[in-house]
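Peer 1: Okay, so here is input-v5.cif, and as you'll see once you scroll down, it has mmCIF, C-alpha atoms.
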```
data_entry
loop_
_atom_site.label_atom_id
_atom_site.label_comp_id
_atom_site.auth_asym_id
_atom_site.auth_seq_id
_atom_site.Cartn_x
_atom_site.Cartn_y
_atom_site.Cartn_z
CA MET A 20 103.63 87.32 84.33
CA THR A 21 101.72 90.58 83.80
CA THR A 22 102.09 90.09 80.03
CA ASN A 23 99.92 86.97 80.33
CA PHE A 24 97.48 89.06 82.38
CA GLU A 25 97.21 91.47 79.44
CA ALA A 26 96.42 88.55 77.13
CA TYR A 27 93.74 87.39 79.57
CA LEU A 28 92.15 90.86 79.57
CA ALA A 29 92.12 90.88 75.77
CA THR A 30 90.18 87.59 75.77
CA GLN A 31 87.59 89.29 78.03
CA GLY A 32 86.85 91.76 75.25
CA PHE A 33 88.60 94.83 76.66
CA LYS A 34 89.92 97.48 74.30
CA PRO A 35 93.72 98.06 74.22
CA ALA A 36 93.46 101.31 76.22
CA THR A 37 91.46 99.56 78.95
CA VAL A 38 93.88 96.63 78.99
CA LEU A 39 96.75 99.08 79.48
CA GLN A 40 94.96 100.82 82.37
CA HIS A 41 94.18 97.54 84.16
CA HIS A 42 97.77 96.42 83.62
CA THR A 43 99.14 99.69 85.05
CA ASN A 44 96.88 99.48 88.10
CA ALA A 45 97.80 95.84 88.71
CA CYS A 46 101.52 96.67 88.56
CA TYR A 47 100.97 99.45 91.09
CA PHE A 48 99.24 96.96 93.40
CA LEU A 49 102.03 94.38 92.98
CA ALA A 50 104.62 97.02 93.88
CA TYR A 51 102.67 97.77 97.07
CA ILE A 52 102.50 94.07 97.95
CA ALA A 53 106.24 93.73 97.42
CA GLU A 54 106.88 96.65 99.78
CA THR A 55 104.75 95.08 102.52
CA SER A 56 106.41 91.65 102.13
CA LEU A 57 103.06 89.93 101.52
CA ALA A 58 102.51 86.87 99.35
CA LEU A 59 99.60 86.88 96.90
CA GLU A 60 98.35 83.54 98.23
CA GLN A 61 97.78 84.93 101.73
CA LEU A 62 95.80 88.05 100.81
CA THR A 63 92.24 88.53 102.08
CA HIS A 64 89.58 91.25 101.91
CA THR A 65 91.25 92.89 104.90
CA GLU A 66 94.64 93.31 103.19
CA LEU A 67 92.90 94.86 100.18
CA LEU A 68 91.20 97.36 102.48
CA ASP A 69 94.64 98.17 103.87
CA PHE A 70 95.73 98.82 100.28
CA ALA A 71 92.70 101.10 99.81
CA ASP A 72 93.72 102.93 102.98
CA HIS A 73 97.20 103.37 101.48
CA LEU A 74 95.65 104.85 98.32
CA THR A 75 93.57 107.25 100.41
CA GLY A 76 96.75 108.38 102.15
CA GLU A 77 98.11 109.29 98.72
CA GLY A 78 95.11 111.56 98.16
CA LYS A 79 93.26 109.37 95.67
CA SER A 80 89.47 109.73 95.48
CA ILE A 81 87.02 106.91 96.19
CA ASN A 82 86.20 106.68 92.46
CA ILE A 83 89.86 106.24 91.52
CA ILE A 84 90.40 103.74 94.34
CA ASN A 85 87.43 101.69 93.15
CA ARG A 86 88.85 101.68 89.61
CA ILE A 87 92.20 100.43 90.89
CA LEU A 88 90.46 97.77 92.99
CA LEU A 89 88.53 96.69 89.89
CA SER A 90 91.84 96.09 88.11
CA VAL A 91 93.04 94.12 91.12
CA ARG A 92 89.89 91.97 91.00
CA TYR A 93 90.55 91.20 87.35
CA TYR A 94 94.15 90.35 88.20
CA PHE A 95 93.01 87.87 90.85
CA ALA A 96 90.37 86.49 88.47
CA TRP A 97 93.17 85.76 86.02
CA LEU A 98 95.23 84.07 88.76
CA GLN A 99 92.17 81.96 89.54
CA SER A 100 91.79 81.02 85.88
CA ILE A 101 95.34 79.61 85.76
CA GLY A 102 94.99 77.84 89.12
CA HIS A 103 97.46 80.05 91.01
CA ILE A 104 94.94 80.93 93.75
CA SER A 105 91.72 79.26 94.89
CA TYR A 106 89.54 82.34 95.46
CA ASN A 107 89.40 86.03 94.59
CA PRO A 108 90.06 88.18 97.71
CA GLY A 109 88.90 91.30 95.87
CA ALA A 110 85.47 89.92 94.98
CA GLY A 111 82.62 92.20 96.00
CA ILE A 112 84.57 95.09 97.53
CA ASN A 113 82.89 98.38 96.68
CA LEU A 114 83.94 101.38 98.75
CA LYS A 115 81.12 103.81 99.49
CA GLY A 116 82.77 106.14 101.99
CA ALA A 117 86.06 107.20 103.50
CA VAL A 118 88.48 104.32 103.90
CA ARG A 119 89.21 103.55 107.52
CA THR A 120 91.11 100.45 108.48
CA ILE A 121 91.45 98.92 111.92
CA PRO A 122 94.04 96.67 113.56
CA HIS A 123 92.94 93.12 112.80
CA ASP A 124 93.96 89.50 113.38
CA LEU A 125 96.11 90.62 116.29
CA LEU A 126 98.51 88.39 118.19
CA SER A 127 98.47 88.34 121.99
CA LYS A 128 101.49 89.24 124.10
CA THR A 129 102.00 85.55 124.85
CA GLU A 130 101.88 84.69 121.14
CA LEU A 131 104.32 87.49 120.29
CA GLU A 132 106.86 86.38 122.87
CA ALA A 133 106.44 82.76 121.78
CA LEU A 134 107.56 83.73 118.26
CA TYR A 135 110.83 85.05 119.64
CA ASN A 136 111.38 82.24 122.14
CA SER A 137 110.45 79.42 119.74
CA TYR A 138 112.52 80.54 116.76
CA GLU A 139 115.63 78.35 116.68
CA ILE A 140 119.10 79.58 115.80
CA LYS A 141 120.73 77.11 113.40
CA ASP A 142 123.32 79.23 111.57
CA GLU A 143 124.43 82.81 110.97
CA ARG A 144 121.32 83.80 109.02
CA THR A 145 118.89 82.40 111.57
CA HIS A 146 120.87 84.22 114.28
CA ARG A 147 120.38 87.45 112.35
CA ASN A 148 116.69 86.61 111.93
CA LYS A 149 116.32 86.00 115.67
CA VAL A 150 117.68 89.48 116.33
CA ILE A 151 115.23 90.95 113.79
CA ILE A 152 112.31 89.07 115.39
CA GLY A 153 113.27 90.58 118.74
CA LEU A 154 113.13 94.09 117.28
CA LEU A 155 109.75 93.35 115.71
CA VAL A 156 108.27 91.84 118.88
CA TYR A 157 109.72 94.16 121.53
CA GLN A 158 110.26 97.47 119.70
CA ALA A 159 107.56 97.24 116.96
CA ILE A 160 110.12 98.35 114.39
CA THR A 161 109.16 98.81 110.72
CA ARG A 162 110.94 97.40 107.70
CA GLU A 163 112.08 100.87 106.62
CA GLU A 164 113.58 101.42 110.07
CA LEU A 165 115.30 98.01 109.99
CA GLU A 166 116.92 98.98 106.71
CA LYS A 167 118.24 102.26 108.16
CA LEU A 168 119.69 100.83 111.39
CA ARG A 169 123.45 101.05 111.86
CA PRO A 170 125.62 99.46 114.58
CA GLU A 171 126.23 102.85 116.20
CA TYR A 172 122.50 103.15 116.94
CA LEU A 173 122.86 100.36 119.49
CA LYS A 174 123.55 101.55 123.04
CA LEU A 175 124.17 98.11 124.54
CA ARG A 176 125.81 99.36 127.74
CA GLU A 177 122.71 101.45 128.38
CA GLY A 178 120.39 98.67 127.21
CA LYS A 179 118.82 100.91 124.57
CA ILE A 180 118.44 101.29 120.81
CA GLN A 181 118.10 104.47 118.79
CA ILE A 182 115.54 104.02 116.01
CA PRO A 183 116.14 106.58 113.24
CA GLN A 184 113.51 108.84 111.76
CA THR A 185 112.07 107.76 108.41
CA GLY A 186 109.72 109.36 105.93
CA LYS A 187 106.72 108.08 107.89
CA GLN A 188 107.93 107.58 111.47
CA ASN A 189 109.52 109.76 114.15
CA GLY A 190 112.85 108.70 115.60
CA ARG A 191 112.93 107.44 119.19
CA ILE A 192 115.10 105.70 121.79
CA LEU A 193 113.66 102.49 123.26
CA PRO A 194 114.83 100.02 125.91
CA LEU A 195 116.06 96.56 124.93
CA GLN A 196 115.20 93.35 126.73
CA PRO A 197 118.20 91.74 128.52
CA TYR A 198 118.17 88.70 126.20
CA GLN A 199 118.09 91.00 123.16
CA ILE A 200 121.28 92.66 124.38
CA LEU A 201 123.08 89.30 124.48
CA ASP A 202 121.82 88.34 121.01
CA LEU A 203 122.78 91.73 119.57
CA GLN A 204 126.24 91.67 121.13
CA GLU A 205 126.99 88.26 119.65
CA TYR A 206 125.51 89.34 116.32
CA ILE A 207 127.70 92.45 116.13
CA LEU A 208 130.93 90.72 117.19
CA LEU A 209 130.65 87.30 115.55
CA ILE A 210 127.76 86.94 113.09
CA ARG A 211 127.55 90.21 111.18
CA PRO A 212 131.19 90.11 109.95
CA LYS A 213 130.46 86.73 108.34
CA LEU A 214 127.27 87.89 106.62
CA GLN A 215 128.25 91.33 105.38
CA ASN A 216 131.21 92.56 103.41
CA LYS A 217 130.89 96.28 102.70
CA SER A 218 127.57 97.55 104.03
CA GLU A 219 127.57 99.92 107.02
CA ARG A 220 124.01 98.93 107.88
CA LEU A 221 123.16 96.73 110.83
CA PHE A 222 121.22 94.31 108.62
CA THR A 223 121.38 93.45 104.94
CA GLY A 224 119.81 90.81 102.78
CA ARG A 225 121.63 88.18 100.76
CA ASN A 226 124.74 89.45 98.96
CA ASP A 227 124.71 92.67 101.03
CA LEU A 228 121.40 93.81 99.54
CA GLN A 229 120.13 96.80 101.49
CA ASN A 230 116.50 95.93 100.76
CA LEU A 231 115.17 93.46 103.35
CA LYS A 232 111.98 92.58 101.45
CA ASN A 233 113.01 89.01 100.66
CA THR A 234 114.53 88.52 104.10
CA LEU A 235 111.25 89.44 105.79
CA LEU A 236 109.23 87.39 103.32
CA HIS A 237 111.23 84.25 104.18
CA LEU A 238 111.03 85.15 107.86
CA ASN A 239 107.24 85.46 107.59
CA HIS A 240 107.06 81.91 106.23
CA ALA A 241 109.21 80.61 109.09
CA LEU A 242 107.10 82.40 111.72
CA ARG A 243 103.90 81.10 110.15
CA LYS A 244 105.13 77.57 110.81
CA LEU A 245 105.39 78.50 114.48
CA ASN A 246 101.99 80.20 114.51
CA PRO A 247 99.65 80.02 111.47
CA LYS A 248 98.04 83.30 112.56
CA VAL A 249 101.17 85.23 111.57
CA LYS A 250 100.77 87.20 108.33
CA HIS A 251 103.50 89.82 108.09
CA ALA A 252 105.67 92.25 110.02
CA SER A 253 103.01 94.98 109.95
CA GLN A 254 100.59 92.67 111.77
CA ILE A 255 103.24 92.03 114.45
CA ARG A 256 103.77 95.79 114.84
CA GLN A 257 100.02 96.39 115.17
CA SER A 258 99.81 93.67 117.82
CA VAL A 259 102.71 95.09 119.83
CA ILE A 260 101.25 98.62 119.81
CA THR A 261 97.87 97.28 120.94
CA GLU A 262 99.55 95.42 123.81
CA TRP A 263 101.53 98.53 124.80
CA LEU A 264 98.28 100.48 125.15
CA LYS A 265 97.04 97.97 127.71
CA GLU A 266 99.93 98.92 130.00
CA LYS A 267 100.98 102.48 129.09
CA ASP A 268 99.35 105.86 128.47
CA LEU A 269 98.50 107.12 125.00
CA ARG A 270 101.29 109.70 124.64
CA THR A 271 103.96 107.24 125.79
CA VAL A 272 102.84 104.69 123.20
CA GLN A 273 102.70 107.40 120.52
CA TYR A 274 106.39 108.08 121.20
CA MET A 275 107.32 104.37 121.37
CA ALA A 276 105.54 103.65 118.08
CA GLY A 277 107.07 106.67 116.32
CA HIS A 278 103.64 107.99 115.36
CA ARG A 279 103.65 111.61 114.26
CA TYR A 280 99.99 112.09 115.18
CA VAL A 281 98.26 110.82 118.30
CA SER A 282 95.25 109.85 116.14
CA SER A 283 97.43 107.13 114.60
CA THR A 284 97.90 105.66 118.07
CA GLU A 285 94.29 106.10 119.18
CA ARG A 286 92.97 103.64 116.63
CA TYR A 287 94.78 100.85 118.51
CA GLN A 288 92.90 101.50 121.74
CA GLU A 289 90.52 98.67 122.66
CA SER A 290 87.76 101.16 123.43
CA ASN A 291 87.79 102.29 119.80
CA LEU A 292 87.94 98.89 118.10
CA GLU A 293 84.21 98.12 118.15
CA GLU A 294 83.35 101.59 116.87
CA LEU A 295 85.89 101.22 114.08
CA LYS A 296 84.56 97.78 113.17
CA GLU A 297 81.07 99.25 112.82
CA ALA A 298 82.48 102.02 110.62
CA LEU A 299 84.27 99.43 108.50
CA ASN A 300 81.07 97.44 107.99
CA LYS A 301 79.10 100.60 107.20
CA HIS A 302 81.50 102.04 104.64
CA HIS A 303 82.81 98.84 103.04
CA PRO A 304 79.85 96.47 102.43
CA LEU A 305 80.77 93.39 100.46
CA GLY A 306 78.75 92.04 97.58
CA GLY A 307 77.24 92.97 94.24
CA ILE A 308 80.31 93.27 92.03
CA HIS A 309 81.03 90.90 89.17
CA THR A 310 84.61 89.63 89.27
CA GLY A 311 85.01 89.05 85.58
#
```
Can you dump the structure from the file as structure tokens?
Peer 2:
Amino acid sequence: MTTNFEAYLATQGFKPATVLQHHTNACYFLAYIAETSLALEQLTHTELLDFADHLTGEGKSINIINRILLSVRYYFAWLQSIGHISYNPGAGINLKGAVRTIPHDLLSKTELEALYNSYEIKDERTHRNKVIIGLLVYQAITREELEKLRPEYLKLREGKIQIPQTGKQNGRILPLQPYQILDLQEYILLIRPKLQNKSERLFTGRNDLQNLKNTLLHLNHALRKLNPKVKHASQIRQSVITEWLKEKDLRTVQYMAGHRYVSSTERYQESNLEELKEALNKHHPLGGIHTG
């Protein structure tokens, strides 16, 4: 598909070296999207700002980020030209200051619990998915953590789960809801042996794949049918952390979320949201960039 993108860039009059750079940047963006289990059709300005935040975390300068975003805009312009998408979500984004994203499009506690309660178990895979939804909704687990979980991390007699440390998150031990315990017990004893052959992990994708990207992508589509506001697992995690902060103190939520720095938790506090929104509007004005 990216080969056709290169041909599109050539028709726009770009030199071979520039075509190569735009192609490289677009591939980098597509790899990021794959890691976050997002579909191109559902991306908005906000998800692209999240991507810019990711680039900042890698130490890239504003100038380099803007160059990468320019390549992304051209990529979406090409998708528009072939009728794959209806609008360009990267149109007009020009970063003029430090990237700072905020939790957005959050789900309420009622909406989160409705996702778990409304999802129907029809077979072994949907049973596994129900268990995963519970871990997303009640423990705010990340995809990387899901992929590292093993059966021995479950302390069902104690009603707890040990979430392992990852490259980005601290490990922690969190309580399970009573109904999660029942689902997990049945999953371990009856469902998992039918789905997995050799893997020692708690969850795998189809054919024992350790990467759960496709599993979560399909799950996102199913959850979106239950609630159109649902975008991806990261949004669910953000929503859960925000709800936790309404009931618990900052340091407790920092531990529960696995955040290494309390500043990561602070940005979910309601008292900071308006200030962060103002900062977002100030540093990321939209408009004035030709999309190609």
Peer 1: Return the single residue from A:Lys267, A:His64, A:Lys250, A:Arg220 that is closest to Lys167 in chain A, with distances computed using all atoms listed in the file.
Peer 2: A:Arg220
Peer 1: For the atom pair CA of Ala110 in chain A and CA of Gln254 in chain A, what is the interatomic distance in Å to one decimal place?
Peer 2: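 CA of Ala110 in chain A sits 22.8 Å away from CA of Gln254 in chain A.
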Peer 1: Just the number, please: distance in Å from CA of Tyr274 in chain A to CA of Lys187 in chain A, one decimal.
Peer 2: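 That distance, rounded to one decimal, is 13.3 Å.
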Peer 1: With the PyMOL selection byres ((chain A and resi 166) around 8) as the selection, what would be picked from this file? Answer as number ranges by chain, please.
Peer 2: A: 162-165, 167-168, 220-223, 229-231
Peer 1: Using all atoms listed in the file, find each residue in range 59-161 of chain A having at least one atom no more than 8 Å away from range 45-49 of chain A; report its shortest atom-to-atom pair and that distance in Å (one decimal), rows by chain then rising number, as a tab-separated table.
Peer 2:
```
residue	atom	partner	partner_atom	distance
A:Phe70	CA	A:Phe48	CA	7.9
A:Ile87	CA	A:Ala45	CA	7.6
A:Ser90	CA	A:Ala45	CA	6.0
A:Val91	CA	A:Ala45	CA	5.6
A:Tyr94	CA	A:Ala45	CA	6.6
```
Peer 1: For the PyMOL selection byres ((chain A and resi 180) around 10), applied here, can you spell out every residue it catches as a PyMOL selection string?
Peer 2: chain A and resi 154+158+168+170-175+177-179+181-183+191-195+200
Peer 1: Since I can't run it myself right now, could you work out what the PyMOL selection byres ((chain A and resi 255-257) around 12) selects here and report it as a ChimeraX atom specification?
Peer 2: /A:120-128,130-132,134-135,152-162,239,242-243,246,248-254,258-264,272,275-277,283-288
Peer 1: Would you mind writing range 131-153 of chain A with N, CA and C atoms, as a CSV table (one decimal), keeping the file's coordinate frame?
Peer 2:
```csv
chain,number,residue,atom,x,y,z
A,131,LEU,N,103.2,86.7,120.8
A,131,LEU,CA,104.3,87.5,120.3
A,131,LEU,C,105.6,87.0,120.9
A,132,GLU,N,105.6,86.8,122.2
A,132,GLU,CA,106.9,86.4,122.9
A,132,GLU,C,107.2,85.0,122.5
A,133,ALA,N,106.2,84.1,122.2
A,133,ALA,CA,106.4,82.8,121.8
A,133,ALA,C,107.2,82.7,120.4
A,134,LEU,N,106.9,83.7,119.5
A,134,LEU,CA,107.6,83.7,118.3
A,134,LEU,C,109.1,83.9,118.5
A,135,TYR,N,109.4,84.8,119.4
A,135,TYR,CA,110.8,85.0,119.6
A,135,TYR,C,111.5,83.8,120.3
A,136,ASN,N,110.8,83.3,121.3
A,136,ASN,CA,111.4,82.2,122.1
A,136,ASN,C,111.5,80.9,121.4
A,137,SER,N,110.5,80.7,120.4
A,137,SER,CA,110.4,79.4,119.7
A,137,SER,C,111.3,79.4,118.5
A,138,TYR,N,111.7,80.5,118.0
A,138,TYR,CA,112.5,80.5,116.8
A,138,TYR,C,113.9,80.0,117.1
A,139,GLU,N,114.3,79.0,116.4
A,139,GLU,CA,115.6,78.4,116.7
A,139,GLU,C,116.8,78.9,115.8
A,140,ILE,N,117.9,79.1,116.5
A,140,ILE,CA,119.1,79.6,115.8
A,140,ILE,C,119.9,78.3,115.3
A,141,LYS,N,120.0,78.3,114.0
A,141,LYS,CA,120.7,77.1,113.4
A,141,LYS,C,122.0,77.5,112.7
A,142,ASP,N,122.1,78.8,112.3
A,142,ASP,CA,123.3,79.2,111.6
A,142,ASP,C,123.4,80.7,111.7
A,143,GLU,N,124.3,81.4,110.9
A,143,GLU,CA,124.4,82.8,111.0
A,143,GLU,C,123.2,83.5,110.6
A,144,ARG,N,122.5,83.1,109.5
A,144,ARG,CA,121.3,83.8,109.0
A,144,ARG,C,120.2,83.7,110.0
A,145,THR,N,120.0,82.5,110.6
A,145,THR,CA,118.9,82.4,111.6
A,145,THR,C,119.2,83.2,112.8
A,146,HIS,N,120.5,83.3,113.2
A,146,HIS,CA,120.9,84.2,114.3
A,146,HIS,C,120.5,85.7,114.0
A,147,ARG,N,120.8,86.1,112.8
A,147,ARG,CA,120.4,87.4,112.4
A,147,ARG,C,118.9,87.6,112.4
A,148,ASN,N,118.2,86.6,111.9
A,148,ASN,CA,116.7,86.6,111.9
A,148,ASN,C,116.1,86.7,113.3
A,149,LYS,N,116.8,86.0,114.3
A,149,LYS,CA,116.3,86.0,115.7
A,149,LYS,C,116.4,87.4,116.2
A,150,VAL,N,117.5,88.1,115.9
A,150,VAL,CA,117.7,89.5,116.3
A,150,VAL,C,116.6,90.4,115.7
A,151,ILE,N,116.3,90.2,114.5
A,151,ILE,CA,115.2,91.0,113.8
A,151,ILE,C,113.9,90.7,114.4
A,152,ILE,N,113.6,89.4,114.7
A,152,ILE,CA,112.3,89.1,115.4
A,152,ILE,C,112.2,89.8,116.7
A,153,GLY,N,113.3,89.9,117.5
A,153,GLY,CA,113.3,90.6,118.7
A,153,GLY,C,112.9,92.0,118.6
```
